[in-house]
>>> print(open('target.txt').read())   # compact mmCIF, C-alpha atoms
# COMPACT_ATOMS: atom_id res chain seq x y z
CA MET A 1 1.52 10.71 15.32
CA GLY A 2 4.74 10.94 13.29
CA ILE A 3 6.85 8.23 11.72
CA GLN A 4 7.95 5.34 13.91
CA VAL A 5 11.52 4.29 13.05
CA LYS A 6 13.05 0.95 14.07
CA TYR A 7 16.60 -0.41 13.93
CA PHE A 8 17.58 -4.05 14.29
CA ALA A 9 20.55 -6.30 15.05
CA SER A 10 24.09 -4.97 14.39
CA LEU A 11 22.75 -1.64 13.14
CA ARG A 12 20.83 -1.05 16.38
CA ASP A 13 23.95 -1.94 18.39
CA ARG A 14 26.01 0.48 16.34
CA LEU A 15 23.53 3.32 16.69
CA GLY A 16 22.92 2.65 20.37
CA ARG A 17 19.14 2.70 20.16
CA ALA A 18 16.29 0.62 18.79
CA GLU A 19 13.70 3.25 17.92
CA ASP A 20 13.17 6.84 16.90
CA ARG A 21 10.19 8.97 16.06
CA LEU A 22 10.00 12.00 13.81
CA ALA A 23 7.39 14.12 12.07
CA ALA A 24 7.03 13.53 8.34
CA THR A 25 7.67 16.40 5.97
CA GLU A 26 6.06 16.87 2.56
CA GLY A 27 7.41 14.35 0.03
CA MET A 28 9.71 12.71 2.59
CA THR A 29 11.49 9.54 1.43
CA VAL A 30 13.05 6.65 3.35
CA ALA A 31 16.48 8.14 2.59
CA ALA A 32 15.33 11.50 3.98
CA VAL A 33 14.16 9.84 7.19
CA TRP A 34 17.67 8.48 7.73
CA ALA A 35 19.31 11.80 6.82
CA ALA A 36 17.06 13.70 9.23
CA LEU A 37 17.82 11.37 12.14
CA TRP A 38 21.48 10.65 11.39
CA PRO A 39 22.88 13.69 9.56
CA LYS A 40 26.47 12.76 10.41
CA THR A 41 26.20 9.00 9.80
CA PRO A 42 25.97 7.70 6.23
CA LEU A 43 23.60 4.76 5.88
CA PRO A 44 25.87 1.69 6.01
CA PRO A 45 26.12 -0.14 2.67
CA ASN A 46 23.90 -3.24 2.39
CA THR A 47 21.35 -1.80 4.83
CA LEU A 48 17.84 -3.06 4.05
CA THR A 49 14.83 -0.83 4.47
CA ALA A 50 11.16 -1.53 5.06
CA VAL A 51 8.03 0.61 5.22
CA ASN A 52 5.09 -0.80 7.16
CA MET A 53 6.80 -4.20 7.26
CA GLU A 54 7.31 -4.51 3.50
CA TYR A 55 10.71 -4.11 1.84
CA ALA A 56 11.04 -0.64 0.35
CA SER A 57 13.57 1.36 -1.64
CA LEU A 58 15.31 4.44 -0.30
CA GLU A 59 13.24 6.50 -2.75
CA GLN A 60 9.89 5.32 -1.40
CA SER A 61 7.88 8.15 0.09
CA VAL A 62 6.60 7.98 3.65
CA ARG A 63 4.08 9.88 5.73
CA ASP A 64 2.91 10.26 9.31
CA GLY A 65 1.67 6.98 10.73
CA ASP A 66 4.17 4.88 8.75
CA GLU A 67 6.67 2.53 10.36
CA VAL A 68 10.11 2.67 8.76
CA ALA A 69 12.79 0.08 9.55
CA PHE A 70 16.53 -0.09 8.84
CA PHE A 71 18.40 -3.37 9.25
CA PRO A 72 21.42 -5.35 8.06
CA PRO A 73 21.20 -8.33 5.65
CA VAL A 74 19.05 -11.10 7.11
CA THR A 75 20.65 -14.30 8.40
CA GLY A 76 17.86 -16.63 9.46
CA GLY A 77 17.30 -20.31 8.74
CA MET B 1 -0.50 -23.77 5.94
CA THR B 2 1.03 -23.02 9.32
CA ILE B 3 3.79 -20.61 10.35
CA GLU B 4 5.14 -20.57 13.88
CA LEU B 5 7.91 -18.76 15.73
CA ARG B 6 9.13 -20.58 18.85
CA ARG B 7 10.97 -19.16 21.85
CA ALA B 8 11.80 -22.61 23.23
CA SER B 9 13.64 -25.57 21.72
CA PHE B 10 11.50 -27.98 19.68
CA GLU B 11 11.78 -31.49 18.22
CA PRO B 12 11.23 -31.20 14.45
CA LEU B 13 10.25 -34.81 13.85
CA VAL B 14 7.86 -34.87 16.80
CA GLU B 15 6.27 -31.64 15.54
CA LEU B 16 6.06 -33.06 12.04
CA GLY B 17 4.31 -36.24 13.16
CA ARG B 18 1.93 -34.38 15.43
CA TYR B 19 1.02 -31.85 12.76
CA GLN B 20 0.55 -34.47 10.06
CA VAL B 21 -2.00 -36.49 12.04
CA SER B 22 -3.79 -33.33 13.19
CA GLN B 23 -4.55 -32.18 9.64
CA GLY B 24 -7.69 -34.10 8.72
CA GLU B 25 -7.71 -32.85 5.15
CA LEU B 26 -4.33 -34.42 4.47
CA GLN B 27 -5.38 -37.96 5.33
CA GLY B 28 -5.25 -40.32 2.36
CA ARG B 29 -4.36 -37.53 -0.05
CA TYR B 30 -0.63 -36.91 0.20
CA GLY B 31 1.92 -39.08 -1.53
CA ALA B 32 4.98 -36.95 -0.78
CA THR B 33 6.37 -35.10 2.22
CA ALA B 34 9.59 -33.13 1.84
CA ILE B 35 11.24 -31.74 4.95
CA PHE B 36 14.22 -29.55 5.72
CA VAL B 37 15.65 -29.12 9.22
CA GLY B 38 18.28 -26.50 9.93
CA THR B 39 20.36 -27.14 13.06
CA MET B 40 22.82 -25.02 14.98
CA ARG B 41 26.48 -26.05 14.55
CA ASP B 42 29.16 -25.67 17.20
CA PHE B 43 31.48 -23.91 14.74
CA ASN B 44 31.30 -21.13 12.18
CA ASP B 45 33.97 -19.34 10.15
CA GLY B 46 36.60 -21.67 11.61
CA GLU B 47 35.77 -20.82 15.22
CA PRO B 48 33.97 -22.72 17.97
CA VAL B 49 30.54 -21.28 18.74
CA ARG B 50 28.95 -21.83 22.18
CA GLY B 51 25.56 -20.28 21.65
CA MET B 52 23.49 -18.07 19.43
CA THR B 53 20.73 -15.48 19.73
CA LEU B 54 18.16 -15.22 16.98
CA GLU B 55 16.55 -11.81 16.71
CA HIS B 56 13.53 -11.06 14.52
CA TYR B 57 11.25 -8.19 13.55
CA PRO B 58 7.94 -9.01 15.23
CA GLY B 59 5.16 -8.67 12.69
CA MET B 60 7.31 -8.39 9.59
CA THR B 61 8.92 -11.80 10.09
CA GLU B 62 5.59 -13.61 10.41
CA ARG B 63 4.16 -11.67 7.49
CA HIS B 64 7.05 -12.58 5.21
CA LEU B 65 7.05 -16.24 6.17
CA GLN B 66 3.34 -16.27 5.34
CA GLN B 67 3.97 -14.57 1.99
CA ILE B 68 6.76 -17.01 1.10
CA VAL B 69 4.52 -20.01 1.79
CA GLU B 70 1.66 -18.42 -0.17
CA THR B 71 3.96 -17.86 -3.14
CA ALA B 72 4.99 -21.52 -2.99
CA THR B 73 1.36 -22.63 -3.05
CA GLN B 74 0.83 -20.49 -6.17
CA LYS B 75 3.85 -21.99 -7.92
CA TRP B 76 3.23 -25.63 -7.03
CA SER B 77 0.24 -27.77 -6.26
CA LEU B 78 0.64 -28.29 -2.51
CA LEU B 79 -1.65 -29.91 0.03
CA ASP B 80 -0.08 -28.31 3.09
CA ALA B 81 3.05 -26.65 4.46
CA LEU B 82 4.47 -26.14 7.94
CA VAL B 83 7.24 -23.72 8.91
CA ILE B 84 8.57 -23.53 12.48
CA HIS B 85 11.46 -21.15 13.22
CA ARG B 86 13.25 -20.51 16.49
CA VAL B 87 13.90 -17.11 18.01
CA GLY B 88 15.78 -16.29 21.22
CA GLU B 89 18.67 -18.20 22.78
CA LEU B 90 19.98 -21.36 21.09
CA ARG B 91 22.70 -23.88 21.90
CA PRO B 92 24.64 -26.12 19.47
CA ASN B 93 22.46 -29.02 18.23
CA ASP B 94 19.26 -27.00 18.71
CA PRO B 95 17.01 -27.09 15.65
CA ILE B 96 16.67 -23.62 14.09
CA VAL B 97 14.06 -24.21 11.43
CA LEU B 98 11.69 -26.88 10.14
CA VAL B 99 10.12 -26.63 6.69
CA ALA B 100 7.71 -29.42 5.73
CA VAL B 101 5.68 -29.61 2.54
CA TRP B 102 2.98 -32.11 1.55
CA SER B 103 1.90 -32.80 -2.02
CA THR B 104 0.42 -35.55 -4.17
CA HIS B 105 3.70 -36.29 -5.96
CA ARG B 106 7.33 -35.73 -4.98
CA ALA B 107 8.40 -33.12 -7.55
CA ALA B 108 6.22 -30.36 -6.07
CA ALA B 109 7.17 -31.24 -2.49
CA PHE B 110 10.93 -31.23 -3.17
CA ALA B 111 10.83 -28.02 -5.21
CA ALA B 112 8.55 -26.11 -2.84
CA CYS B 113 10.55 -27.13 0.25
CA ARG B 114 13.76 -25.84 -1.33
CA PHE B 115 12.03 -22.67 -2.52
CA ILE B 116 10.57 -21.87 0.91
CA MET B 117 13.93 -22.43 2.60
CA GLU B 118 15.90 -20.28 0.14
CA GLU B 119 13.32 -17.49 0.25
CA LEU B 120 13.29 -17.61 4.05
CA LYS B 121 17.10 -17.30 4.08
CA SER B 122 17.11 -14.26 1.83
CA LYS B 123 13.91 -12.43 2.84
CA ALA B 124 12.63 -13.28 6.32
CA PRO B 125 13.97 -10.75 8.84
CA PHE B 126 15.99 -12.85 11.28
CA TRP B 127 19.48 -12.04 12.54
CA LYS B 128 21.98 -14.37 14.22
CA ARG B 129 24.38 -13.23 16.90
CA GLU B 130 26.96 -15.84 17.82
CA ASP B 131 28.66 -16.36 21.14
CA ALA B 132 32.11 -17.40 19.89
CA ALA B 133 35.40 -17.97 21.72
CA THR B 134 36.50 -14.42 20.87
CA GLY B 135 33.26 -12.80 22.06
CA THR B 136 29.83 -12.17 20.57
CA ARG B 137 29.51 -11.27 16.90
CA TRP B 138 26.70 -10.71 14.44
CA VAL B 139 26.62 -13.09 11.49
CA GLU B 140 27.06 -10.78 8.49
CA HIS B 141 25.64 -12.95 5.73
CA ASN B 142 24.25 -16.41 5.06
CA THR B 143 26.26 -19.07 3.27
CA PRO B 144 25.11 -19.82 -0.29
CA GLY B 145 22.66 -22.70 -0.57
>>> encode(input="target.txt", output="structure tokens")
Amino acid sequence: MGIQVKYFASLRDRLGRAEDRLAATEGMTVAAVWAALWPKTPLPPNTLTAVNMEYASLEQSVRDGDEVAFFPPVTGG
Amino acid sequence: MTIELRRASFEPLVELGRYQVSQGELQGRYGATAIFVGTMRDFNDGEPVRGMTLEHYPGMTERHLQQIVETATQKWSLLDALVIHRVGELRPNDPIVLVAVWSTHRAAAFAACRFIMEELKSKAPFWKREDAATGTRWVEHNTPG
């Protein structure tokens, strides 16, 4: 099952893909998800994060079946 | 309370009128309607803009719009609220967003309309990419209200 990871807008363009998938490890946090997928790319400042479509901190823990999203500041309206 | 994302251009005042008469429970009860319409300009940051793409996060965007409207109904005594927001390709003069709020008296309608709009701007996951004279660019942040 794993963790479904999504990127949006300028961040997706920068990374060159919209989605990733990885297996959760024990006690994994949002920050650890990023570090596992992008070991050479620091998370850009101001990046917002969500877990299962709710805003989440980088310290929030995640598990298999969760959807984690990384995106730049929102600019709707 | 109604939240809608639209792929095609819409006429805010036509939508407003249509919605208002379709809501039977509103009839005879509302004394105030406050509306906000956001429209695409043909310039931004001192540059002409020819078009714009509005991206969103399907699922999360709808959920957050719903939550914002629910919070407004907890803070103020509202009879109804309607939020319509565009996604996809827009041209200058296209409406981007309509927020309409109905209440018995004006104070709640004015305050809730402003609240919904400001919350939408800061929390609802939408992203604008502009087609400017110098190429396409992502809008990095919203202007202060």
>>> interface_residues(input="target.txt", of="chain B", to="chain A", cutoff="6 Å", atoms="all atoms listed in the file", output="PyMOL selection string")
chain B and resi 60+97+121+125-128+141-142
>>> closest_residue(input="target.txt", among="A:Val68, A:Gly2, A:Leu43, A:Leu58", to="Leu22 (chain A)", atoms="all atoms listed in the file")
A:Gly2
>>> atom_distance(input="target.txt", atom1="CA of Glu11 (chain B)", atom2="CA of Thr53 (chain B)")
18.4 Å
>>> atom_distance(input="target.txt", atom1="CA of Glu59 (chain A)", atom2="CA of Ala31 (chain A)")
6.5 Å
>>> closest_residue(input="target.txt", among="B:Ser122, B:Thr136, B:Asn93, B:Thr143", to="Val37 (chain B)", atoms="all atoms listed in the file")
B:Asn93
>>> atom_distance(input="target.txt", atom1="CA of Ala36 (chain A)", atom2="CA of Asp20 (chain A)")
11.0 Å
>>> axis_aligned_box(input="target.txt", around="region 131-137 of chain B", padding_each_side="3 Å", output="lines of an AutoDock Vina configuration file")
center_x = 32.6
center_y = -14.6
center_z = 19.5
size_x = 13.8
size_y = 12.7
size_z = 11.2
>>> closest_residue(input="target.txt", among="B:Ile116, B:Ala132, B:Thr33, B:Pro144", to="Ile68 (chain B)", atoms="only C-alpha atoms")
B:Ile116
>>> closest_residue(input="target.txt", among="A:Val30, A:Val62, A:Ile3, A:Ala18", to="Tyr57 (chain B)", atoms="all atoms listed in the file")
A:Ala18
>>> residues_around(input="target.txt", residues="Glu119 (chain B)", least_positions_apart="5", cutoff="9 Å", atoms="only C-alpha atoms", output="PyMOL selection string")
chain B and resi 65+68+114+124
>>> closest_residue(input="target.txt", among="B:Gln66, B:Asp80, B:Gln74, B:Asp131", to="Leu16 (chain B)", atoms="only C-alpha atoms")
B:Asp80
>>> closest_residue(input="target.txt", among="B:Val99, B:Ala34, B:Leu90, B:Ala108", to="Trp76 (chain B)", atoms="all atoms listed in the file")
B:Ala108
>>> residues_near_point(input="target.txt", point="(17.4, -25.8, 15.3)", cutoff="9 Å", atoms="all atoms listed in the file", output="list in words")
Gly77 of chain A; Ser9, Phe10, Glu11, Pro12, Val37, Gly38, Thr39, Met40, His85, Arg86, Leu90, Arg91, Pro92, Asn93, Asp94, Pro95, Ile96, Val97 and Leu98 of chain B
>>> residues_around(input="target.txt", residues="Ala24 (chain A)", least_positions_apart="6", cutoff="10 Å", atoms="only C-alpha atoms", output="tab-separated table (two decimals) with C-alpha atoms, in the frame of the given file")
chain	number	residue	atom	x	y	z
A	1	MET	CA	1.52	10.71	15.32
A	2	GLY	CA	4.74	10.94	13.29
A	3	ILE	CA	6.85	8.23	11.72
A	4	GLN	CA	7.95	5.34	13.91
A	32	ALA	CA	15.33	11.50	3.98
A	33	VAL	CA	14.16	9.84	7.19
A	61	SER	CA	7.88	8.15	0.09
A	62	VAL	CA	6.60	7.98	3.65
A	63	ARG	CA	4.08	9.88	5.73
A	64	ASP	CA	2.91	10.26	9.31
A	65	GLY	CA	1.67	6.98	10.73
A	66	ASP	CA	4.17	4.88	8.75
>>> build_atoms(input="target.txt", residues="region 13-38 of chain A", atoms="N, CA and C atoms", output="short mmCIF file (atom, residue, chain, number, x, y, z; two decimals), in the coordinates of the input")
data_model
loop_
_atom_site.label_atom_id
_atom_site.label_comp_id
_atom_site.auth_asym_id
_atom_site.auth_seq_id
_atom_site.Cartn_x
_atom_site.Cartn_y
_atom_site.Cartn_z
N ASP A 13 22.82 -1.97 17.45
CA ASP A 13 23.95 -1.94 18.39
C ASP A 13 24.88 -0.77 18.08
N ARG A 14 25.11 -0.59 16.77
CA ARG A 14 26.01 0.48 16.34
C ARG A 14 25.46 1.87 16.67
N LEU A 15 24.15 2.02 16.47
CA LEU A 15 23.53 3.32 16.69
C LEU A 15 23.27 3.58 18.17
N GLY A 16 23.14 2.50 18.95
CA GLY A 16 22.92 2.65 20.37
C GLY A 16 21.47 2.84 20.76
N ARG A 17 20.55 2.70 19.82
CA ARG A 17 19.14 2.70 20.16
C ARG A 17 18.31 1.92 19.14
N ALA A 18 17.12 1.52 19.59
CA ALA A 18 16.29 0.62 18.79
C ALA A 18 15.19 1.36 18.04
N GLU A 19 14.85 2.55 18.50
CA GLU A 19 13.70 3.25 17.92
C GLU A 19 13.92 4.76 17.89
N ASP A 20 13.24 5.39 16.98
CA ASP A 20 13.17 6.84 16.90
C ASP A 20 11.77 7.21 16.44
N ARG A 21 11.46 8.49 16.57
CA ARG A 21 10.19 8.97 16.06
C ARG A 21 10.45 10.36 15.48
N LEU A 22 9.86 10.64 14.34
CA LEU A 22 10.00 12.00 13.81
C LEU A 22 8.75 12.36 13.01
N ALA A 23 8.56 13.66 12.83
CA ALA A 23 7.39 14.12 12.07
C ALA A 23 7.73 14.09 10.59
N ALA A 24 6.81 13.58 9.78
CA ALA A 24 7.03 13.53 8.34
C ALA A 24 6.97 14.94 7.76
N THR A 25 7.78 15.15 6.72
CA THR A 25 7.67 16.40 5.97
C THR A 25 7.11 16.06 4.59
N GLU A 26 6.67 17.07 3.88
CA GLU A 26 6.06 16.87 2.56
C GLU A 26 7.04 16.14 1.62
N GLY A 27 6.58 15.06 1.02
CA GLY A 27 7.41 14.35 0.03
C GLY A 27 8.60 13.61 0.63
N MET A 28 8.58 13.36 1.93
CA MET A 28 9.71 12.71 2.59
C MET A 28 9.91 11.27 2.08
N THR A 29 11.18 10.90 1.86
CA THR A 29 11.49 9.54 1.43
C THR A 29 12.16 8.77 2.58
N VAL A 30 12.34 7.48 2.36
CA VAL A 30 13.05 6.65 3.35
C VAL A 30 14.46 7.22 3.57
N ALA A 31 15.13 7.58 2.48
CA ALA A 31 16.48 8.14 2.59
C ALA A 31 16.46 9.43 3.42
N ALA A 32 15.43 10.23 3.24
CA ALA A 32 15.33 11.50 3.98
C ALA A 32 15.08 11.27 5.47
N VAL A 33 14.38 10.19 5.78
CA VAL A 33 14.16 9.84 7.19
C VAL A 33 15.51 9.58 7.86
N TRP A 34 16.34 8.77 7.18
CA TRP A 34 17.67 8.48 7.73
C TRP A 34 18.48 9.77 7.87
N ALA A 35 18.50 10.57 6.83
CA ALA A 35 19.31 11.80 6.82
C ALA A 35 18.87 12.77 7.92
N ALA A 36 17.56 12.79 8.19
CA ALA A 36 17.06 13.70 9.23
C ALA A 36 17.48 13.24 10.62
N LEU A 37 17.50 11.91 10.82
CA LEU A 37 17.82 11.37 12.14
C LEU A 37 19.32 11.23 12.37
N TRP A 38 20.05 10.93 11.28
CA TRP A 38 21.48 10.65 11.39
C TRP A 38 22.27 11.49 10.39
#
